[in-house]
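Q: Here it is, the structure, as structure tokens.
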Amino acid sequence: DHRDLHSFPTRRSSDLSIAIQAIVRKDSWDMINNLNITQTKEAIEKLEKINKELNSFKSILSEEKYYSLNMCLETLNRKDWRKQMINIDDDSYDFFTGQSSQNTDIKKIKNIFGAFGLSRRRLFNGVESDFDELIKVSDLSYPEYCKTDILYSNKLSELLMPVFDKARFKCEYNRCLNEFLLLQLALHAYKLEHKSYPAKLGDLAPNYIKTIPTDPFTKNDQYKYTITSNTYLLYSIGPDFKDNGGRAVIQQNSNSRFVSYEDKGDIVAGYNR
């Protein structure tokens, strides 16, 4: 049940949910053209419900704040907390046991914590305040969110917070692909009943889908859609926020069709997955 994955919506559970959705989408895309009208409308109804129940990025951040602050508190209660804290960006470090395969560099610690100038309370309160600021701007559209310039209060926050920029992108990319699937199902249903695709996406609502979704990589614009001979081109302008005319993001030296937050090009339905 997809709802169980969101009962504790931290970034980790969100990543797991996104990975599972990607697996389901892969099989679903290959099946669309084989569905009859009844099956297609049933699939649309189920997918609309799933999309509605997905946790917002704001709710994920709120739970992540609770989780991360508890980890910070656990570490701050140790006598050697300054040495332990320095390893949070070390892949070999275990936050709860405090063990790392790497040797702690005192110069590195002094650089990050300002020669041990921060007290435990000040460090903890700073991280909490920085989380609150990040949560505050999480309601912004993705393009607006990317323009925000939050000045974090300490070096620990500067190490912790950037990962959430990538997490926000993952949420929007997942939403984009889910909405592609929804729109492709609606377009398939429309063609089954009308023998051709609609002239515009707006023709799909409300008879095939309740509302027309908007591209998460714009402030509030619809996805791009054009009819090409016997098929159509459906795409998002992607993470570079530029309309490249449906020229898909292509990974150099890789067969992957996955899109990352730094890529240039459009996210094209049926190609980028």
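Numbering starts fresh at 1 for the residues of each chain in the structure tokens, the chains themselves are lettered A, B, ... in the order given, and ligands are numbered from 1 as they appear.
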Can I get the residues of range 144-197 of chain A within 12 Å of range 36-54 of chain A, each with the closest pair of atoms and their distance in Å to one decimal, using only C-alpha atoms, sorted chain first then ascending number, as CSV?

A:
```
residue,atom,partner,partner_atom,distance
A:Cys171,CA,A:Leu54,CA,9.7
A:Glu172,CA,A:Leu54,CA,11.4
A:Asn174,CA,A:Asn51,CA,10.1
A:Arg175,CA,A:Asn51,CA,7.7
A:Cys176,CA,A:Asn51,CA,10.5
A:Leu177,CA,A:Asn51,CA,10.8
A:Asn178,CA,A:Asn51,CA,7.3
A:Glu179,CA,A:Asn51,CA,8.1
A:Phe180,CA,A:Leu47,CA,11.0
A:Leu181,CA,A:Leu47,CA,8.5
A:Leu182,CA,A:Ile44,CA,6.1
A:Leu183,CA,A:Ile44,CA,8.7
A:Gln184,CA,A:Ile44,CA,9.6
A:Leu185,CA,A:Thr40,CA,6.2
A:Ala186,CA,A:Ile44,CA,7.0
A:Leu187,CA,A:Thr40,CA,9.9
A:His188,CA,A:Thr40,CA,7.7
A:Ala189,CA,A:Ile37,CA,5.7
A:Tyr190,CA,A:Ile37,CA,8.8
A:Lys191,CA,A:Ile37,CA,9.5
A:Leu192,CA,A:Ile37,CA,6.6
A:Glu193,CA,A:Ile37,CA,7.8
A:His194,CA,A:Ile37,CA,11.4
```

Q: Can I get the selection written as a CSV table (one decimal), in the first residue's frame, with N, CA, C and O atoms?

A:
```
chain,number,residue,atom,x,y,z
A,171,CYS,N,11.3,15.3,-5.8
A,171,CYS,CA,9.8,15.3,-5.6
A,171,CYS,C,9.1,15.9,-6.8
A,171,CYS,O,8.1,15.4,-7.2
A,172,GLU,N,9.7,17.0,-7.4
A,172,GLU,CA,9.0,17.6,-8.5
A,172,GLU,C,9.2,16.8,-9.8
A,172,GLU,O,8.3,16.7,-10.6
A,174,ASN,N,9.4,13.5,-9.8
A,174,ASN,CA,8.5,12.4,-9.6
A,174,ASN,C,7.1,12.8,-9.9
A,174,ASN,O,6.3,12.1,-10.6
A,175,ARG,N,6.7,14.0,-9.4
A,175,ARG,CA,5.4,14.5,-9.7
A,175,ARG,C,5.2,14.7,-11.2
A,175,ARG,O,4.1,14.3,-11.8
A,176,CYS,N,6.2,15.2,-11.9
A,176,CYS,CA,6.1,15.4,-13.3
A,176,CYS,C,5.9,14.1,-14.1
A,176,CYS,O,5.0,14.0,-14.9
A,177,LEU,N,6.6,13.1,-13.7
A,177,LEU,CA,6.4,11.8,-14.4
A,177,LEU,C,5.1,11.1,-14.1
A,177,LEU,O,4.5,10.5,-15.0
A,178,ASN,N,4.6,11.3,-12.9
A,178,ASN,CA,3.3,10.8,-12.5
A,178,ASN,C,2.2,11.5,-13.3
A,178,ASN,O,1.2,10.8,-13.8
A,179,GLU,N,2.4,12.8,-13.5
A,179,GLU,CA,1.4,13.5,-14.2
A,179,GLU,C,1.5,13.2,-15.7
A,179,GLU,O,0.4,13.3,-16.4
A,180,PHE,N,2.7,12.9,-16.2
A,180,PHE,CA,2.8,12.5,-17.6
A,180,PHE,C,1.9,11.2,-17.8
A,180,PHE,O,1.2,11.1,-18.8
A,181,LEU,N,2.1,10.3,-16.9
A,181,LEU,CA,1.3,9.0,-17.0
A,181,LEU,C,-0.2,9.3,-17.0
A,181,LEU,O,-0.9,8.7,-17.8
A,182,LEU,N,-0.6,10.2,-16.1
A,182,LEU,CA,-2.0,10.5,-16.0
A,182,LEU,C,-2.5,11.1,-17.3
A,182,LEU,O,-3.5,10.8,-17.8
A,183,LEU,N,-1.7,12.1,-17.8
A,183,LEU,CA,-2.1,12.7,-19.1
A,183,LEU,C,-2.1,11.8,-20.3
A,183,LEU,O,-3.0,11.8,-21.1
A,184,GLN,N,-1.1,10.9,-20.3
A,184,GLN,CA,-1.1,9.9,-21.4
A,184,GLN,C,-2.2,8.9,-21.3
A,184,GLN,O,-2.8,8.5,-22.4
A,185,LEU,N,-2.7,8.6,-20.1
A,185,LEU,CA,-3.9,7.7,-20.0
A,185,LEU,C,-5.1,8.5,-20.5
A,185,LEU,O,-5.9,7.9,-21.2
A,186,ALA,N,-5.2,9.8,-20.1
A,186,ALA,CA,-6.3,10.6,-20.6
A,186,ALA,C,-6.3,10.8,-22.1
A,186,ALA,O,-7.4,10.7,-22.7
A,187,LEU,N,-5.1,11.0,-22.6
A,187,LEU,CA,-5.0,11.2,-24.1
A,187,LEU,C,-5.4,9.9,-24.8
A,187,LEU,O,-6.1,9.9,-25.9
A,188,HIS,N,-5.0,8.7,-24.2
A,188,HIS,CA,-5.4,7.4,-24.8
A,188,HIS,C,-6.9,7.2,-24.8
A,188,HIS,O,-7.5,6.8,-25.8
A,189,ALA,N,-7.5,7.6,-23.6
A,189,ALA,CA,-9.0,7.5,-23.5
A,189,ALA,C,-9.7,8.4,-24.5
A,189,ALA,O,-10.7,7.9,-25.1
A,190,TYR,N,-9.2,9.6,-24.6
A,190,TYR,CA,-9.8,10.5,-25.6
A,190,TYR,C,-9.7,10.0,-27.0
A,190,TYR,O,-10.7,10.0,-27.8
A,191,LYS,N,-8.6,9.4,-27.4
A,191,LYS,CA,-8.4,8.9,-28.7
A,191,LYS,C,-9.3,7.7,-29.0
A,191,LYS,O,-9.9,7.5,-30.1
A,192,LEU,N,-9.5,6.8,-28.0
A,192,LEU,CA,-10.4,5.7,-28.1
A,192,LEU,C,-11.8,6.1,-28.4
A,192,LEU,O,-12.5,5.4,-29.2
A,193,GLU,N,-12.2,7.2,-27.9
A,193,GLU,CA,-13.6,7.6,-28.1
A,193,GLU,C,-13.8,8.6,-29.2
A,193,GLU,O,-14.9,8.7,-29.8
A,194,HIS,N,-12.7,9.3,-29.6
A,194,HIS,CA,-12.9,10.3,-30.7
A,194,HIS,C,-12.0,10.0,-31.9
A,194,HIS,O,-12.1,10.8,-32.9
```

Q: So that I can check the surroundings of Arg273 in chain A, please list as a list in words every protein, DNA and RNA residue that reaches within 9 Å of it, counting only C-alpha atoms and ignoring chain neighbours fewer than 2 positions away.

A: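 Final neighbour list, sorted by chain and number: Ala22, Arg25, Lys26, Leu177, Ser256, Arg257, Phe258, Val259, Ile267, Val268, Ala269, Gly270 and Tyr271 of chain A.
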
Q: Would you please work out which residue, of A:Arg121, A:Asp139, A:Asn34, A:Ala199, is nearest to Asn77 in chain A when using only C-alpha atoms?

A: A:Arg121

Q: By how many Å are CA of Tyr223 in chain A and CA of Glu262 in chain A apart?

A: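 Distance reported for this atom pair: 20.0 Å.
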
Q: What does the distance between CA of Leu140 in chain A and CA of Asn220 in chain A come to in Å, to one decimal place?

A: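 Interatomic distance here is 11.0 Å.
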
Q: Among range 18-266 of chain A, which ones does DSSP place in helix (DSSP H, G or I), written as a VMD selection string?

A: chain A and resid 18 to 34 37 to 53 57 to 76 81 to 89 106 to 113 120 to 137 142 to 147 155 to 160 162 to 194 201 to 204

Q: Give me, as a PyMOL selection string, all polymer residues having an atom no more than 6 Å from range 148-153 of chain A, counting only C-alpha atoms and skipping those fewer than 2 positions away in the same chain.

A: chain A and resi 126+145-146

Q: Could you save the residues just selected, with C-alpha atoms, as a short mmCIF file (atom, residue, chain, number, x, y, z; two decimals), in the first residue's frame?

A:
```cif
data_model
loop_
_atom_site.label_atom_id
_atom_site.label_comp_id
_atom_site.auth_asym_id
_atom_site.auth_seq_id
_atom_site.Cartn_x
_atom_site.Cartn_y
_atom_site.Cartn_z
CA GLY A 126 20.78 27.49 14.76
CA TYR A 145 12.35 28.12 -4.48
CA CYS A 146 15.56 27.80 -6.50
#
```
